[in-house]
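The file my_file_36.cif contains mmCIF, C-alpha atoms:
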```cif
data_query
loop_
_atom_site.label_atom_id
_atom_site.label_comp_id
_atom_site.auth_asym_id
_atom_site.auth_seq_id
_atom_site.Cartn_x
_atom_site.Cartn_y
_atom_site.Cartn_z
CA MET A 1 89.73 65.39 75.06
CA SER A 2 90.90 62.05 76.48
CA PHE A 3 89.31 60.33 79.45
CA GLU A 4 92.29 61.19 81.65
CA ASP A 5 92.16 64.85 80.59
CA SER A 6 88.45 65.05 81.43
CA LEU A 7 88.96 63.29 84.76
CA LEU A 8 91.71 65.71 85.69
CA GLU A 9 89.48 68.65 84.85
CA ILE A 10 86.77 67.30 87.16
CA LEU A 11 89.16 66.57 90.00
CA SER A 12 90.68 70.05 89.69
CA SER A 13 87.30 71.77 89.99
CA SER A 14 86.14 73.26 93.26
CA ASP A 15 83.07 70.96 93.19
CA PHE A 16 85.17 67.90 93.91
CA ASP A 17 85.11 66.81 97.53
CA VAL A 18 86.62 63.49 98.62
CA PHE A 19 83.75 63.08 101.12
CA ASP A 20 80.82 63.92 98.88
CA ARG A 21 79.84 60.80 96.92
CA LYS A 22 76.58 62.16 95.55
CA CYS A 23 78.25 65.21 94.08
CA PHE A 24 81.04 63.09 92.59
CA GLU A 25 78.57 60.71 91.02
CA ASN A 26 76.81 63.62 89.35
CA ILE A 27 79.94 65.14 87.90
CA LEU A 28 81.15 61.71 86.83
CA ASP A 29 78.15 61.30 84.54
CA TYR A 30 79.96 63.26 81.87
CA LEU A 31 82.86 60.78 81.97
CA ARG A 32 80.48 57.90 81.36
CA SER A 33 79.75 59.36 77.94
CA ILE A 34 83.46 59.07 77.09
CA ASN A 35 84.20 55.62 78.53
CA ARG A 36 81.68 53.85 80.72
CA LEU A 37 84.11 51.19 81.99
CA TYR A 38 86.75 53.71 83.03
CA ALA A 39 84.13 55.96 84.68
CA ASN A 40 82.80 53.01 86.69
CA LEU A 41 86.31 52.07 87.75
CA ILE A 42 86.89 55.62 88.99
CA MET A 43 83.60 55.48 90.92
CA LEU A 44 84.73 52.24 92.56
CA ALA A 45 87.99 53.92 93.50
CA PHE A 46 86.01 56.73 95.11
CA ASP A 47 83.93 54.23 97.09
CA ALA A 48 87.08 52.40 98.15
CA GLY A 49 88.43 55.65 99.57
CA VAL A 50 91.34 55.95 97.16
CA PHE A 51 90.88 59.72 96.67
CA ARG A 52 90.39 60.27 100.39
CA ASP A 53 93.56 58.31 101.15
CA ILE A 54 95.53 60.16 98.49
CA SER A 55 94.54 63.48 100.05
CA ALA A 56 96.07 62.34 103.35
CA GLN A 57 99.46 61.42 101.84
CA PHE A 58 102.65 63.37 101.42
CA GLU A 59 103.81 61.13 98.58
CA LEU A 60 102.41 58.11 96.75
CA ASP A 61 104.85 55.25 97.17
CA GLN A 62 104.90 51.61 96.12
CA GLU A 63 103.33 50.46 99.37
CA PHE A 64 100.39 52.84 98.96
CA PHE A 65 100.02 51.84 95.30
CA ASN A 66 100.07 48.07 95.94
CA GLU A 67 97.81 48.31 98.99
CA HIS A 68 95.05 50.00 97.00
CA ILE A 69 95.38 47.63 94.06
CA GLN A 70 94.93 44.73 96.47
CA CYS A 71 91.90 46.45 98.00
CA LEU A 72 90.22 46.88 94.60
CA LYS A 73 90.98 43.26 93.66
CA LYS A 74 89.89 41.75 96.94
CA ASP A 75 86.93 43.92 97.93
CA TYR A 76 85.56 44.83 94.50
CA GLY A 77 86.58 41.85 92.34
CA LEU A 78 88.59 43.85 89.81
CA THR A 79 91.15 42.14 87.62
CA ALA A 80 94.78 42.95 88.36
CA GLY A 81 95.05 45.05 85.18
CA ASN A 82 91.92 47.10 85.85
CA ALA A 83 92.86 47.62 89.49
CA GLU A 84 96.33 48.85 88.55
CA TRP A 85 94.97 51.16 85.84
CA THR A 86 92.43 52.59 88.32
CA VAL A 87 94.85 53.31 91.15
CA ASN A 88 97.37 54.74 88.72
CA ALA A 89 94.73 57.00 87.14
CA CYS A 90 93.72 58.32 90.58
CA CYS A 91 97.32 58.86 91.70
CA THR A 92 98.39 60.52 88.47
CA THR A 93 95.43 62.85 88.10
CA TYR A 94 94.38 63.73 91.65
CA GLY A 95 97.66 62.97 93.42
CA ALA A 96 100.29 64.29 91.05
CA ASN A 97 98.40 66.95 89.11
CA VAL A 98 95.93 68.35 91.63
CA LEU A 99 97.69 67.87 94.98
CA MET A 100 101.19 68.02 93.45
CA LEU A 101 102.31 64.82 95.22
CA ASP A 102 105.28 62.78 94.04
CA CYS A 103 104.38 59.39 92.52
CA VAL A 104 107.27 57.09 93.44
CA TYR A 105 105.95 53.72 92.39
CA ASN A 106 106.45 51.45 89.41
CA THR A 107 103.62 50.63 87.05
CA LYS A 108 103.22 49.30 83.56
CA PHE A 109 100.95 52.25 82.79
CA ASN A 110 102.31 55.62 81.76
CA LYS A 111 102.20 57.93 84.77
CA LEU A 112 102.31 61.07 82.64
CA ASP A 113 99.74 60.14 80.04
CA ILE A 114 97.80 63.38 80.43
CA GLY A 115 100.14 65.80 78.73
CA THR A 116 97.83 68.27 76.99
CA SER A 117 95.49 68.71 79.92
CA LYS A 118 98.28 69.12 82.44
CA THR A 119 99.78 71.95 80.43
CA SER A 120 96.53 73.82 79.95
CA ILE A 121 95.51 73.59 83.59
CA VAL A 122 98.86 74.75 84.88
CA ASP A 123 98.86 77.61 82.39
CA SER A 124 95.42 78.76 83.46
CA ARG A 125 96.57 79.01 87.07
CA ILE A 126 99.57 81.15 86.32
CA ASN A 127 98.85 84.80 86.89
CA THR A 128 99.77 87.13 84.09
CA ASN A 129 101.83 89.15 86.57
CA TYR A 130 104.53 86.51 86.30
CA SER A 131 107.89 88.08 86.94
CA VAL A 132 110.92 86.94 84.99
CA ASP A 133 113.06 88.35 87.78
CA ALA A 134 111.88 85.78 90.34
CA ILE A 135 114.73 84.50 92.49
CA ASN A 136 115.48 81.13 93.99
CA MET A 137 116.49 81.47 97.64
CA SER A 138 118.84 78.53 97.37
CA ASP A 139 121.04 80.70 95.13
CA TYR A 140 121.71 82.98 98.12
CA SER A 141 123.69 81.88 101.15
CA LYS A 142 122.59 82.77 104.67
CA GLY A 143 123.04 86.47 105.24
CA ALA A 144 123.50 87.27 101.55
CA LYS A 145 121.69 90.35 100.29
CA LEU A 146 118.81 89.77 97.90
CA PRO A 147 118.49 91.87 94.72
CA LYS A 148 116.76 95.22 95.12
CA SER A 149 114.63 94.44 92.07
CA ILE A 150 112.37 92.24 94.22
CA VAL A 151 111.86 94.89 96.91
CA HIS A 152 108.68 96.95 96.49
CA ARG A 153 107.74 99.93 98.63
CA VAL A 154 104.23 101.39 98.72
CA ILE A 155 104.86 105.11 98.45
CA GLU A 156 101.17 105.99 98.76
CA ALA A 157 100.97 104.21 102.13
CA GLU A 158 104.21 105.85 103.26
CA LYS A 159 102.78 109.30 102.48
CA ILE A 160 99.56 108.56 104.38
CA ASN A 161 101.69 107.70 107.40
CA ASN A 162 103.85 110.83 106.97
CA ILE A 163 106.98 108.85 106.10
CA ASP A 164 109.38 110.92 104.00
CA ASP A 165 111.71 108.10 103.03
CA MET A 166 112.54 104.50 103.81
CA THR A 167 115.83 102.65 103.28
CA LEU A 168 115.80 98.88 103.25
CA THR A 169 118.26 95.99 103.23
CA VAL A 170 116.76 92.61 102.42
CA SER A 171 118.73 89.41 102.94
CA ASN A 172 118.46 85.66 103.30
CA GLY A 173 117.58 85.15 106.96
CA LYS A 174 117.29 81.37 106.98
CA SER A 175 118.24 79.84 110.30
CA ILE A 176 119.18 76.29 111.25
CA PHE A 177 115.66 75.84 112.62
CA ASP A 178 114.02 76.56 109.25
CA GLU A 179 114.12 73.01 107.93
CA PHE A 180 111.34 73.34 105.36
CA GLU A 181 110.96 77.08 105.20
CA GLU A 182 112.87 80.04 103.84
CA THR A 183 113.13 83.31 105.70
CA ILE A 184 113.74 86.80 104.40
CA LYS A 185 115.16 89.33 106.83
CA VAL A 186 114.37 93.03 106.36
CA VAL A 187 116.26 95.78 108.14
CA GLY A 188 114.97 99.27 107.52
CA GLU A 189 115.07 102.87 108.55
CA ILE A 190 112.34 105.44 108.09
CA THR A 191 112.64 109.21 108.16
CA SER A 192 109.61 111.18 109.24
CA SER A 193 108.87 114.56 110.72
CA GLY A 194 106.37 112.79 112.96
CA LEU A 195 104.17 109.75 112.67
CA PRO A 196 100.42 110.38 112.99
CA SER A 197 100.05 107.20 115.08
CA ASN A 198 101.83 103.96 115.86
CA ILE A 199 102.48 102.01 112.68
CA LEU A 200 103.07 98.37 111.79
CA ILE A 201 105.40 97.24 109.04
CA TYR A 202 103.65 94.64 106.87
CA LEU A 203 105.89 92.30 104.86
CA MET A 204 104.31 90.31 102.01
CA VAL A 205 106.19 87.80 99.86
CA TYR A 206 104.87 86.66 96.46
CA ASN A 207 105.93 83.73 94.30
CA ASN A 208 106.34 83.69 90.53
CA SER A 209 102.59 83.03 90.12
CA ASN A 210 101.88 86.23 92.08
CA GLU A 211 100.48 84.20 95.00
CA LEU A 212 101.03 85.54 98.50
CA ILE A 213 103.18 82.85 100.13
CA GLY A 214 104.32 84.59 103.31
CA ALA A 215 103.27 87.55 105.43
CA SER A 216 104.36 89.25 108.62
CA PHE A 217 102.74 92.09 110.52
CA ARG A 218 104.29 92.07 114.00
CA THR A 219 106.86 94.86 113.69
CA LYS A 220 105.67 98.02 115.37
CA ILE A 221 107.09 101.52 115.37
CA GLU A 222 105.71 103.68 118.15
CA LYS A 223 104.77 107.26 117.40
CA GLU A 224 106.73 108.53 120.42
CA GLU A 225 109.87 106.64 119.43
CA CYS A 226 110.13 108.24 115.99
CA LYS A 227 111.98 111.53 116.43
CA GLY A 228 113.08 112.24 112.88
CA PHE A 229 113.91 108.64 112.13
CA ALA A 230 113.34 105.12 113.43
CA SER A 231 114.81 101.76 112.52
CA PHE A 232 113.34 98.27 112.54
CA THR A 233 114.24 94.63 111.92
CA SER A 234 111.65 92.18 110.73
CA SER A 235 111.42 88.84 108.95
CA VAL A 236 108.98 86.74 106.99
CA SER A 237 108.94 83.00 106.31
CA PHE A 238 107.48 80.97 103.46
CA PRO A 239 107.71 77.40 102.16
CA GLU A 240 110.95 76.12 100.75
CA GLY A 241 111.03 75.57 97.00
CA GLU A 242 108.98 78.61 96.04
CA LEU A 243 110.53 81.23 93.77
CA VAL A 244 110.24 84.79 95.02
CA SER A 245 109.10 87.46 92.59
CA LYS A 246 108.69 90.32 95.06
CA ILE A 247 108.59 91.34 98.68
CA VAL A 248 106.30 94.23 99.51
CA ILE A 249 107.08 96.42 102.52
CA ARG A 250 104.11 98.54 103.54
CA PRO A 251 103.55 100.73 106.61
CA VAL A 252 100.03 100.47 108.04
CA ARG A 253 98.46 102.36 110.89
CA ASP A 254 98.40 100.04 113.92
CA PRO A 255 94.79 98.70 113.95
CA SER A 256 94.86 98.47 117.73
CA THR A 257 94.92 102.29 117.91
CA ILE A 258 91.44 102.40 116.39
CA TRP A 259 88.64 101.86 118.86
CA LYS A 260 84.95 102.29 118.37
CA TRP A 261 82.60 101.89 121.29
CA LYS A 262 79.36 100.31 120.27
CA MET B 263 108.08 67.53 103.92
CA ILE B 264 105.74 70.31 102.85
CA LYS B 265 102.33 69.49 101.46
CA LYS B 266 100.45 72.33 99.80
CA LEU B 267 96.66 72.15 100.07
CA SER B 268 94.84 72.33 96.76
CA SER B 269 92.13 74.90 96.12
CA ASN B 270 89.39 72.31 96.57
CA GLN B 271 90.64 71.59 100.09
CA ILE B 272 90.00 75.20 101.06
CA ILE B 273 86.33 75.91 101.78
CA ARG B 274 84.90 79.41 101.75
CA ILE B 275 81.37 80.75 102.20
CA THR B 276 81.08 83.54 99.68
CA ASP B 277 77.61 84.64 100.82
CA ILE B 278 79.03 85.59 104.20
CA GLU B 279 82.10 87.16 102.60
CA LYS B 280 79.89 89.43 100.49
CA ARG B 281 78.15 90.75 103.61
CA TYR B 282 81.46 92.30 104.61
CA GLY B 283 82.20 93.65 101.14
CA ILE B 284 84.76 90.97 100.26
CA ASP B 285 84.99 90.40 96.50
CA ASP B 286 87.37 87.44 96.68
CA MET B 287 90.03 85.80 98.81
CA ARG B 288 93.24 84.17 97.61
CA ILE B 289 94.45 81.58 100.03
CA TYR B 290 97.67 79.59 100.14
CA ALA B 291 97.89 76.80 102.74
CA TYR B 292 100.42 74.12 103.47
CA GLN B 293 101.15 71.51 106.10
CA CYS B 294 104.63 70.79 107.30
CA GLY B 295 104.66 68.11 109.99
CA ARG B 296 102.65 69.36 112.94
CA TYR B 297 102.39 72.87 111.53
CA CYS B 298 99.77 74.09 109.12
CA ASN B 299 100.25 77.60 107.82
CA VAL B 300 97.65 79.54 105.93
CA VAL B 301 98.33 82.88 104.32
CA GLY B 302 95.93 84.84 102.18
CA GLU B 303 94.74 88.11 100.75
CA ILE B 304 91.36 89.79 100.83
CA ILE B 305 90.35 91.28 97.52
CA ALA B 306 88.10 94.34 97.92
CA ASN B 307 88.29 98.06 97.41
CA GLU B 308 86.84 98.61 100.86
CA ILE B 309 85.11 96.62 103.57
CA SER B 310 81.86 97.59 105.24
CA ASN B 311 82.61 96.54 108.82
CA ALA B 312 85.47 95.30 110.93
CA PHE B 313 85.78 91.53 111.06
CA SER B 314 88.18 88.77 111.91
CA LEU B 315 88.51 85.43 110.17
CA SER B 316 87.95 82.02 111.66
CA CYS B 317 89.58 78.86 110.40
CA SER B 318 88.31 75.34 111.03
CA VAL B 319 90.65 72.45 110.28
CA TYR B 320 89.43 68.95 109.40
CA ASP B 321 91.33 65.66 109.32
CA HIS B 322 90.92 62.90 106.73
CA ALA B 323 88.11 61.31 108.77
CA GLY B 324 86.13 64.52 108.29
CA ASP B 325 86.42 65.47 111.97
CA ILE B 326 87.15 69.02 113.02
CA VAL B 327 90.51 69.06 114.80
CA GLU B 328 91.25 72.74 115.28
CA SER B 329 89.44 76.07 115.24
CA LEU B 330 91.10 79.44 115.57
CA GLU B 331 91.11 83.11 114.68
CA ASN B 332 93.53 84.76 112.27
CA ASP B 333 96.90 85.88 113.67
CA TYR B 334 96.94 89.23 115.42
CA TYR B 335 98.28 92.42 113.88
CA GLY B 336 100.99 93.99 116.00
CA ASP B 337 103.70 92.98 118.43
CA THR B 338 101.35 91.85 121.18
CA ILE B 339 98.05 90.00 121.22
CA VAL B 340 95.77 93.01 120.87
CA THR B 341 93.65 92.58 117.77
CA SER B 342 93.04 90.13 114.95
CA SER B 343 90.40 92.43 113.62
CA ILE B 344 90.57 93.66 110.03
CA LYS B 345 89.30 97.22 110.14
CA PRO B 346 87.90 99.45 107.38
CA GLU B 347 90.12 102.37 108.50
CA VAL B 348 93.34 100.54 107.63
CA PHE B 349 92.09 98.22 104.92
CA PHE B 350 93.61 98.14 101.44
CA ASP B 351 93.06 95.89 98.45
CA ARG B 352 94.90 92.54 98.82
CA TYR B 353 94.93 92.91 102.61
CA PRO B 354 96.97 90.05 104.10
CA PHE B 355 96.04 87.62 106.84
CA LYS B 356 97.45 84.40 108.18
CA PHE B 357 96.81 81.50 110.49
CA SER B 358 99.55 79.61 112.32
CA ILE B 359 98.16 76.24 113.35
CA PHE B 360 99.86 73.68 115.56
CA LEU B 361 98.34 70.24 115.12
CA ASP B 362 98.22 67.16 117.29
CA LYS B 363 100.73 64.50 116.35
CA GLY B 364 99.77 62.48 113.29
CA VAL B 365 96.99 64.76 112.10
CA LYS B 366 96.86 65.14 108.34
CA VAL B 367 94.77 68.03 107.16
CA SER B 368 92.15 67.14 104.56
CA LYS B 369 90.47 70.52 104.34
CA ILE B 370 90.14 73.89 105.99
CA ARG B 371 87.26 76.31 106.09
CA ILE B 372 87.77 80.06 106.38
CA VAL B 373 84.89 82.38 107.24
CA PRO B 374 84.73 86.06 108.25
CA ASN B 375 82.89 86.85 111.45
#
```

Can you dump the structure from the file as structure tokens?
Amino acid sequence: MSFEDSLLEILSSSDFDVFDRKCFENILDYLRSINRLYANLIMLAFDAGVFRDISAQFELDQEFFNEHIQCLKKDYGLTAGNAEWTVNACCTTYGANVLMLDCVYNTKFNKLDIGTSKTSIVDSRINTNYSVDAINMSDYSKGAKLPKSIVHRVIEAEKINNIDDMTLTVSNGKSIFDEFEETIKVVGEITSSGLPSNILIYLMVYNNSNELIGASFRTKIEKEECKGFASFTSSVSFPEGELVSKIVIRPVRDPSTIWKWK
Amino acid sequence: MIKKLSSNQIIRITDIEKRYGIDDMRIYAYQCGRYCNVVGEIIANEISNAFSLSCSVYDHAGDIVESLENDYYGDTIVTSSIKPEVFFDRYPFKFSIFLDKGVKVSKIRIVPN
């Protein structure tokens, strides 16, 4: 395994904390056995606050890159080449591969020189429940219906809440105010001979890695309002750019109806 | 621009989680300008007691800049409590955090209480 691969593995672990020098020094010991010079350069970068500064960025641009090279040259006496290698290694591993930041700077070093490790780490994070039917919201215009294949009902929960059936229409509900978010609108109707209590409609959106990326639990259907059937409109937002593999619609007894006096 | 927080920017205290019967939590958090949204799932077959979740937010200087409870369940502010009677595996929760101008989140800590 190359030095960069090993560094990326360390930075991806939950032990890494940009504020904990002692812990970082301990886990860096392993890297010293691979390349002592590189490991020491990375330690200097940690002391110079490069990792901390990366964690506060939205992207790593030329100004950020040059500023930190200058810092390592001026404050730590590094040569220009070593300083550039160090900042690039930090940006590429921690910035691009751990925090998923864009690296938009020019360097003579290869920014993607960690191929094998990158692939294995990404693969290990992907849940095996990956859905090939995941949709991209940008393929659907505002108001367009989304495919029924992504809509999942929880029949068991419907039965517990005495719901006989539920019909649902799910569409792209993005509004002009959702600059960096997508919104899914759900309009539904339930049929029931009588709800046992007030219920909430939980909406849960999952991406193609089976991560929950959006949730909503504010839509309430009152027991008294449901006389044979009841309708509802709800929505759930999540970050732009995520693929959607499923949206789960689940009725849940309203927790506020449960009181226990201690 | 959206910035997703990495797993090592999300701090949990598993000893406390276990006291409530929580096996694991999956948390997805991102900052978009002055908003930081956190959404997650509680992995457990059942929980032993009702609890809510608290979230502390830290900036890049390591200072705590926000502390709040998980969003309430329902159409009015009645309860943020996660109760055994309605709990199911992969129970969802979320935090909607509005930050002061210029704050960049370095880490968050989520603890049941």

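Residues in contact range of Ala48 (chain A), defined as at most 9 Å between all atoms listed in the file, with sequence neighbours fewer than 2 positions away removed, read A:Met43, A:Leu44, A:Ala45, A:Phe46, A:Val50, A:Phe51, A:Arg52, A:His68, A:Cys71, A:Leu72, A:Asp75, A:Tyr76.
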
**Q.** Target residues per the PyMOL selection byres ((chain B) within 10 of (chain A)), formatted as a PyMOL selection string
**A.** chain B and resi 263-273+288-295+299-303+321-324+333-350+352-356+365-369

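Excluding region 282-285 of chain B itself and same-chain residues fewer than 6 positions from it, the residues having an atom within 7 Å of it are Ile304, Ile305, Ala306, Glu308, Ile309, Ser310 and Asn311 of chain B, counting all atoms listed in the file.
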
Evaluate the PyMOL selection byres ((chain A and resi 248) around 7) here and jot the selected residues down as a PDB file with C-alpha atoms, in the coordinates of the input.
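Ended up saving to part.pdb:
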```pdb
ATOM      1  CA  VAL A 151     111.860  94.890  96.910  1.00  0.00           C
ATOM      2  CA  HIS A 152     108.680  96.950  96.490  1.00  0.00           C
ATOM      3  CA  ARG A 153     107.740  99.930  98.630  1.00  0.00           C
ATOM      4  CA  LEU A 203     105.890  92.300 104.860  1.00  0.00           C
ATOM      5  CA  MET A 204     104.310  90.310 102.010  1.00  0.00           C
ATOM      6  CA  VAL A 205     106.190  87.800  99.860  1.00  0.00           C
ATOM      7  CA  LYS A 246     108.690  90.320  95.060  1.00  0.00           C
ATOM      8  CA  ILE A 247     108.590  91.340  98.680  1.00  0.00           C
ATOM      9  CA  ILE A 249     107.080  96.420 102.520  1.00  0.00           C
ATOM     10  CA  ARG A 250     104.110  98.540 103.540  1.00  0.00           C
TER      11      ARG A 250
END
```

Excluding Ile34 (chain A) and residues on its chain fewer than 6 positions from it, collect all residues at most 12 Å away from it, counting only C-alpha atoms, and give them as an mmCIF file with C-alpha atoms, keeping the file's coordinate frame.
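Output file around-v1.cif follows:
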```cif
data_model
loop_
_atom_site.group_PDB
_atom_site.id
_atom_site.type_symbol
_atom_site.label_atom_id
_atom_site.label_comp_id
_atom_site.auth_asym_id
_atom_site.auth_seq_id
_atom_site.Cartn_x
_atom_site.Cartn_y
_atom_site.Cartn_z
ATOM 1 C CA MET A 1 89.730 65.390 75.060
ATOM 2 C CA SER A 2 90.900 62.050 76.480
ATOM 3 C CA PHE A 3 89.310 60.330 79.450
ATOM 4 C CA GLU A 4 92.290 61.190 81.650
ATOM 5 C CA ASP A 5 92.160 64.850 80.590
ATOM 6 C CA SER A 6 88.450 65.050 81.430
ATOM 7 C CA LEU A 7 88.960 63.290 84.760
ATOM 8 C CA LEU A 28 81.150 61.710 86.830
ATOM 9 C CA ASN A 40 82.800 53.010 86.690
#
```

**Q.** Residues matched by the PyMOL selection byres ((chain A and resi 91) around 9), written as a count of residues only
**A.** 19

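The spacing separating CA of Lys74 (chain A) from CA of Asp29 (chain A) amounts to 26.0 Å.
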
Q: Enter the distance from CA of Gln62 (chain A) to CA of Gly49 (chain A), in Å, rounded to one decimal.
A: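 That distance, rounded to one decimal, is 17.3 Å.
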
Q. Could you state the separation of CA of Leu243 (chain A) and CA of Ala144 (chain A) in Å, given to one decimal place?
A.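 CA of Leu243 (chain A) sits 16.3 Å away from CA of Ala144 (chain A).
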
Q: Write out as a VMD selection string which residues come within 9 Å of Asn136 (chain A) when counting only C-alpha atoms, dropping same-chain ones fewer than 2 positions away.
A: chain A and resid 134 138 to 140 241 to 244

Go ahead and fit an axis-aligned box to every listed atom of region 196-215 of chain A plus 3 Å each side, and pass me the centre and edge lengths in Å, one decimal, as lines of an AutoDock Vina configuration file.
```
center_x = 103.2
center_y = 96.6
center_z = 103.0
size_x = 12.3
size_y = 33.5
size_z = 31.7
```

Taking (91.6, 47.3, 91.3) as a centre in this file's frame and 6 Å as the limit, can you find every polymer residue with an atom that close, using all atoms listed in the file, and give them as an mmCIF file with C-alpha atoms, in the frame of the given file?
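Below is the file that was written, out25.cif:
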```cif
data_model
loop_
_atom_site.group_PDB
_atom_site.id
_atom_site.type_symbol
_atom_site.label_atom_id
_atom_site.label_comp_id
_atom_site.auth_asym_id
_atom_site.auth_seq_id
_atom_site.Cartn_x
_atom_site.Cartn_y
_atom_site.Cartn_z
ATOM 1 C CA ILE A 69 95.380 47.630 94.060
ATOM 2 C CA LEU A 72 90.220 46.880 94.600
ATOM 3 C CA LYS A 73 90.980 43.260 93.660
ATOM 4 C CA LEU A 78 88.590 43.850 89.810
ATOM 5 C CA ASN A 82 91.920 47.100 85.850
ATOM 6 C CA ALA A 83 92.860 47.620 89.490
ATOM 7 C CA GLU A 84 96.330 48.850 88.550
#
```

(Q) Can you tell me which residues surround Phe232 (chain A) at a distance of at most 7 Å, considering only C-alpha atoms, apart from same-chain residues fewer than 5 positions away, and format the answer as a ChimeraX atom specification? (A) /A:187-189
